[in-house]
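This is my_file39.csv. It holds CSV, C-alpha atoms.
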chain,number,residue,atom,x,y,z
A,14,MET,CA,38.9,6.8,12.7
A,15,LYS,CA,36.1,8.6,10.8
A,16,ARG,CA,34.8,5.2,9.7
A,17,PHE,CA,34.8,4.0,13.3
A,18,ILE,CA,32.8,7.1,14.5
A,19,LEU,CA,30.4,6.8,11.6
A,20,GLY,CA,29.9,3.2,12.5
A,21,LEU,CA,29.2,4.1,16.1
A,22,LEU,CA,26.7,6.8,15.0
A,23,THR,CA,24.7,4.3,12.9
A,24,LEU,CA,24.6,1.7,15.7
A,25,PRO,CA,21.6,3.2,17.6
A,26,PHE,CA,19.6,3.0,14.3
A,27,VAL,CA,20.4,-0.7,13.9
A,28,VAL,CA,20.1,-2.0,17.4
A,29,PRO,CA,16.6,-0.8,18.3
A,30,ALA,CA,15.3,-2.5,15.2
A,31,LEU,CA,16.3,-5.9,16.6
A,32,PRO,CA,13.6,-6.2,19.3
A,33,ASN,CA,10.9,-5.6,16.7
A,34,VAL,CA,11.7,-8.9,15.2
A,35,GLY,CA,11.2,-10.7,18.5
A,36,MET,CA,8.0,-8.6,19.2
A,37,ALA,CA,6.4,-9.7,16.0
A,38,ALA,CA,6.9,-13.4,17.0
A,39,ALA,CA,5.6,-12.7,20.5
A,40,ARG,CA,2.2,-11.4,19.4
A,41,PRO,CA,-0.6,-12.7,21.6
A,42,ALA,CA,-2.3,-15.9,20.5
A,43,ILE,CA,-5.6,-14.0,20.4
A,44,GLU,CA,-4.5,-12.0,17.4
A,45,GLY,CA,-6.1,-12.9,14.1
A,46,SER,CA,-9.6,-13.3,12.5
A,47,TRP,CA,-12.3,-15.2,14.2
A,48,GLN,CA,-16.0,-16.0,13.4
A,49,THR,CA,-18.9,-17.7,15.0
A,50,ALA,CA,-21.2,-20.1,13.3
A,51,CYS,CA,-24.8,-19.0,12.6
A,52,GLN,CA,-26.4,-18.7,16.1
A,53,PRO,CA,-30.2,-18.6,16.9
A,54,ILE,CA,-31.4,-15.4,18.6
A,55,GLY,CA,-34.8,-13.8,19.4
A,56,LYS,CA,-38.1,-15.3,20.5
A,57,ASN,CA,-37.9,-19.1,20.1
A,58,GLY,CA,-34.6,-18.7,18.2
A,59,ARG,CA,-36.4,-17.5,15.1
A,60,HIS,CA,-33.6,-15.1,14.0
A,61,GLY,CA,-30.0,-15.8,13.5
A,62,PHE,CA,-26.7,-13.9,13.9
A,63,ILE,CA,-23.0,-14.3,13.0
A,64,THR,CA,-20.2,-12.3,14.7
A,65,ARG,CA,-16.9,-11.7,13.0
A,66,LEU,CA,-13.9,-10.5,15.1
A,67,GLU,CA,-10.5,-9.3,14.2
A,68,ILE,CA,-7.7,-8.5,16.6
A,69,LYS,CA,-4.6,-7.2,14.9
A,70,ARG,CA,-1.8,-4.7,15.6
A,71,GLY,CA,-3.4,-3.2,18.6
A,72,LYS,CA,-6.9,-2.8,17.1
A,73,ILE,CA,-10.1,-4.8,17.6
A,74,THR,CA,-12.9,-4.7,15.1
A,75,ALA,CA,-16.1,-6.8,15.2
A,76,SER,CA,-19.3,-7.1,13.3
A,77,SER,CA,-22.5,-8.8,14.5
A,78,GLN,CA,-25.0,-9.4,11.6
A,79,VAL,CA,-28.5,-10.3,12.5
A,80,TYR,CA,-30.6,-12.2,10.0
A,81,ALA,CA,-34.4,-12.6,9.5
A,82,HIS,CA,-34.3,-16.4,10.0
A,83,ASN,CA,-32.2,-18.8,12.1
A,84,ASP,CA,-30.4,-20.2,9.0
A,85,CYS,CA,-28.7,-16.7,8.6
A,86,ASP,CA,-30.2,-16.1,5.1
A,87,THR,CA,-31.5,-12.5,4.9
A,88,PRO,CA,-29.5,-9.7,6.7
A,89,THR,CA,-31.7,-7.3,8.7
A,90,VAL,CA,-29.5,-5.3,11.1
A,91,ARG,CA,-25.7,-5.1,11.8
A,92,THR,CA,-23.7,-3.7,14.6
A,93,ASP,CA,-20.0,-2.8,14.1
A,94,TYR,CA,-17.4,-2.2,16.8
A,95,ARG,CA,-14.0,-0.6,16.6
A,96,GLY,CA,-11.6,-0.4,19.6
A,97,ASN,CA,-8.0,-0.1,20.6
A,98,ILE,CA,-6.3,-2.8,22.5
A,99,ILE,CA,-4.7,-1.2,25.5
A,100,ALA,CA,-3.1,-4.3,27.1
A,101,THR,CA,-2.9,-8.1,26.7
A,102,ARG,CA,-1.7,-10.6,29.3
A,103,SER,CA,-1.4,-14.3,28.5
A,104,GLY,CA,-2.1,-16.8,31.4
A,105,LYS,CA,-2.2,-20.5,31.8
A,106,ASP,CA,-4.3,-22.9,29.8
A,107,GLY,CA,-4.9,-20.5,26.8
A,108,VAL,CA,-6.4,-17.7,29.0
A,109,VAL,CA,-5.7,-14.2,27.6
A,110,ASP,CA,-6.8,-11.0,29.4
A,111,PHE,CA,-7.2,-8.1,27.1
A,112,ASP,CA,-8.3,-4.5,27.8
A,113,HIS,CA,-9.8,-2.5,24.9
A,114,GLU,CA,-11.0,1.1,24.6
A,115,VAL,CA,-14.2,1.8,22.6
A,116,VAL,CA,-13.5,4.0,19.5
A,117,ALA,CA,-16.9,3.6,17.8
A,118,ILE,CA,-20.0,1.4,17.8
A,119,THR,CA,-22.5,1.7,14.8
A,120,THR,CA,-25.7,0.0,13.9
A,121,THR,CA,-26.9,-0.3,10.3
A,122,ALA,CA,-30.5,-1.3,9.3
A,123,ASN,CA,-30.2,-3.7,6.3
A,124,ASP,CA,-33.9,-4.3,5.6
A,125,PRO,CA,-36.6,-1.8,4.7
A,126,GLU,CA,-39.0,-3.3,7.3
A,127,VAL,CA,-36.4,-2.7,10.0
A,128,VAL,CA,-36.0,0.9,8.9
A,129,ALA,CA,-39.7,1.4,9.1
A,130,ILE,CA,-39.9,-0.1,12.6
A,131,TYR,CA,-37.0,1.9,13.8
A,132,ASN,CA,-38.4,5.2,12.4
A,133,SER,CA,-42.0,4.6,13.7
A,134,SER,CA,-41.2,3.8,17.3
A,135,ASN,CA,-38.6,4.4,20.0
A,136,SER,CA,-37.0,0.9,19.3
A,137,GLY,CA,-34.3,2.4,17.0
A,138,CYS,CA,-31.8,3.1,19.8
A,139,GLY,CA,-33.8,6.0,21.0
A,140,PHE,CA,-33.3,8.1,17.9
A,141,GLY,CA,-37.0,8.2,17.0
A,142,ASP,CA,-36.5,8.6,13.3
A,143,GLY,CA,-33.8,9.3,10.7
A,144,TRP,CA,-32.9,5.7,10.0
A,145,GLN,CA,-32.0,5.0,6.4
A,146,LEU,CA,-31.4,1.7,4.6
A,147,ASN,CA,-27.8,0.6,4.8
A,148,VAL,CA,-26.6,3.9,6.5
A,149,PRO,CA,-24.8,3.3,9.8
A,150,ARG,CA,-25.6,5.4,12.9
A,151,ALA,CA,-23.4,5.9,15.9
A,152,VAL,CA,-24.8,4.1,18.9
A,153,ASP,CA,-21.9,4.2,21.3
A,154,GLY,CA,-23.3,5.5,24.7
A,155,ARG,CA,-26.9,4.6,23.6
A,156,THR,CA,-29.4,1.9,24.6
A,157,CYS,CA,-30.3,-0.4,21.7
A,158,ALA,CA,-32.6,-2.9,23.4
A,159,PRO,CA,-31.6,-5.1,24.9
A,160,TRP,CA,-28.0,-3.7,25.1
A,161,THR,CA,-26.7,-0.4,26.5
A,162,PHE,CA,-23.5,0.3,24.7
A,163,PRO,CA,-20.6,2.0,26.4
A,164,ALA,CA,-19.6,5.5,25.3
A,165,ALA,CA,-16.5,6.1,23.1
A,166,GLY,CA,-13.4,6.2,25.3
A,167,THR,CA,-14.7,3.6,27.8
A,168,ARG,CA,-12.2,0.9,28.7
A,169,LEU,CA,-13.5,-2.7,28.8
A,170,TYR,CA,-11.8,-5.5,30.7
A,171,GLU,CA,-12.1,-8.8,28.8
A,172,ARG,CA,-10.9,-12.4,29.0
A,173,GLY,CA,-10.6,-14.9,26.3
A,174,TRP,CA,-10.0,-18.7,26.4
A,175,ILE,CA,-8.2,-20.2,23.4
A,176,ALA,CA,-8.1,-23.9,22.6
A,177,GLY,CA,-6.5,-24.7,19.3
A,178,ASP,CA,-8.5,-22.8,16.7
A,179,GLU,CA,-11.4,-21.9,19.0
A,180,LEU,CA,-11.9,-18.8,21.1
A,181,SER,CA,-14.5,-18.2,23.8
A,182,ILE,CA,-14.8,-14.7,25.2
A,183,GLY,CA,-16.2,-13.9,28.6
A,184,SER,CA,-18.6,-11.1,27.6
A,185,PHE,CA,-18.0,-9.7,24.2
A,186,PRO,CA,-20.3,-9.0,22.2
A,187,THR,CA,-23.3,-9.5,24.5
A,188,VAL,CA,-22.2,-7.9,27.8
A,189,TRP,CA,-20.9,-4.3,27.9
A,190,THR,CA,-20.7,-3.7,31.6
A,191,ASN,CA,-17.2,-5.0,32.3
A,192,THR,CA,-15.9,-1.5,32.8
A,193,THR,CA,-13.6,-2.1,35.8
A,194,PRO,CA,-10.9,-4.8,36.4
A,195,GLU,CA,-13.2,-6.4,39.0
A,196,LYS,CA,-15.9,-7.0,36.3
A,197,ARG,CA,-13.5,-8.9,34.1
A,198,PRO,CA,-15.2,-12.2,33.2
A,199,THR,CA,-14.2,-15.3,35.1
A,200,SER,CA,-15.8,-17.9,32.8
A,201,PRO,CA,-16.2,-18.3,29.0
A,202,GLY,CA,-19.3,-16.9,27.3
A,203,LEU,CA,-21.6,-19.1,25.2
A,204,LEU,CA,-20.3,-18.0,21.8
A,205,VAL,CA,-17.5,-20.0,20.3
A,206,PHE,CA,-15.4,-18.2,17.6
A,207,ARG,CA,-13.3,-20.2,15.2
A,208,ARG,CA,-10.1,-18.9,13.7
A,209,VAL,CA,-10.5,-17.8,10.1
A,210,THR,CA,-7.5,-18.4,7.8
A,211,LYS,CA,-7.4,-16.4,4.6

Would you mind giving the structure from this file in structure tokens?
Amino acid sequence: MKRFILGLLTLPFVVPALPNVGMAAARPAIEGSWQTACQPIGKNGRHGFITRLEIKRGKITASSQVYAHNDCDTPTVRTDYRGNIIATRSGKDGVVDFDHEVVAITTTANDPEVVAIYNSSNSGCGFGDGWQLNVPRAVDGRTCAPWTFPAAGTRLYERGWIAGDELSIGSFPTVWTNTTPEKRPTSPGLLVFRRVTK
């Protein structure tokens, strides 16, 4: 009888563990590591940028690195994003809605010339001065032309389109105004991310 009671007492510790196995297999298709190719940016496409994105275990991190030239050779400035995934919903044809909350956004000047420009004018996200080489600064809630970044704690409503190993996102990382469900993107953005396998 004691063995039977002990067996019943351990049952609640065993049974709840079973759904976790199924949950791991049911992770959204959007989870993983993604990266764009080198993309032209700036006047006449003279600069380049690459964005890396990782969505895993309820977290989203991204890094957009801008380069001096459109072949993505010399890093000049990088913006990093960290957020928490609040909800994901898979739809038809590879569509995934996901809501994420801003934890932090930082910008890092990677080039001495960029540091000098940011410190000598108001172009450095409105700080005026204090920029240092390779030292990130918090820019959430600030305008860093041409973008106004949301403040920490802001919820963003996003949509992704997955086709094989490619992902297009409606607004991220170029539009930051999708702060209500009505502003969720309805069409893919221009950036195409490719799944990175390690």

For each of A:Pro125, A:Gly45, A:Pro163, A:Gly71, take the minimum atom-to-atom distance to Thr87 in chain A, counting all atoms listed in the file, then give the residue where this is smallest.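 The answer is A:Pro125, which sits nearest to Thr87 in chain A.
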
One decimal, Å: what's the distance from CA of Val205 in chain A over to CA of Ala50 in chain A, could you say? 7.9 Å

Interatomic distance (Å, one decimal) between CA of Asp110 in chain A and CA of Ala42 in chain A: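 Between CA of Asp110 in chain A and CA of Ala42 in chain A the gap is 11.1 Å.
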
For Val152 in chain A: contacts at 9 Å, only C-alpha atoms, fewer than 4 positions along chain excluded, given as a list in words: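 Within the cut-off, the hits are Thr92, Ala117, Ile118, Thr119, Thr120, Cys138, Thr156, Cys157, Phe162, Pro163 and Ala164 of chain A.
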
Now that the selection is made, can you save its residues with C-alpha atoms as a compact mmCIF listing (two decimals), in the coordinates of the input?
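What ended up in result-v1.txt:
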# COMPACT_ATOMS: atom_id res chain seq x y z
CA THR A 92 -23.70 -3.70 14.60
CA ALA A 117 -16.90 3.60 17.80
CA ILE A 118 -20.00 1.40 17.80
CA THR A 119 -22.50 1.70 14.80
CA THR A 120 -25.70 0.00 13.90
CA CYS A 138 -31.80 3.10 19.80
CA THR A 156 -29.40 1.90 24.60
CA CYS A 157 -30.30 -0.40 21.70
CA PHE A 162 -23.50 0.30 24.70
CA PRO A 163 -20.60 2.00 26.40
CA ALA A 164 -19.60 5.50 25.30

Using all atoms listed in the file: which of A:Asp178, A:Asp84, A:Asp106, A:Asp93 has the shortest distance to Pro53 in chain A: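 Looking only at the distances to Pro53 in chain A, the closest residue turns out to be A:Asp84.
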
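Close contacts of Gly104 in chain A, defined as residues with an atom at most 12 Å away when counting all atoms listed in the file, with chain neighbours fewer than 3 positions off set aside, comprise Pro41, Ala42, Ile43, Thr101, Gly107, Val108, Val109, Asp110, Phe111, Arg172, Gly173, Trp174 and Ile175 of chain A.
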
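CA of Asn123 in chain A is found 4.6 Å from CA of Thr89 in chain A.
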
Of A:Asp112, A:Glu44, A:Asp124, A:Asp153, the one nearest to Tyr94 in chain A when counting all atoms listed in the file is A:Asp153

Determine the nearest neighbour of Val148 in chain A from the options A:Thr74, A:Thr49, A:Ser184, A:Thr121, counting only C-alpha atoms.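 Closest to Val148 in chain A, using only C-alpha atoms: A:Thr121.
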
Distance query Asp142 in chain A at most 10 Å, all atoms listed in the file, self and fewer than 4 positions along chain excluded, as a PyMOL selection string: chain A and resi 128-138

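Of the residues listed (A:Pro201, A:Gly183, A:Gly139, A:Gly177), A:Gly139 shows the shortest atom-to-atom separation from Pro159 in chain A; distances use only C-alpha atoms.
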
Which residue is closest to Cys85 in chain A? Choose from A:Arg65, A:Arg208, A:His60, A:Arg102 and count all atoms listed in the file. A:His60

Taking the point (-4.8, 2.1, 25.2) as given in the file, collect each protein or nucleic acid residue that comes within 12 Å of it, counting all atoms listed in the file, and present the set as a ChimeraX atom specification. /A:71-73,96-101,111-116,166-170
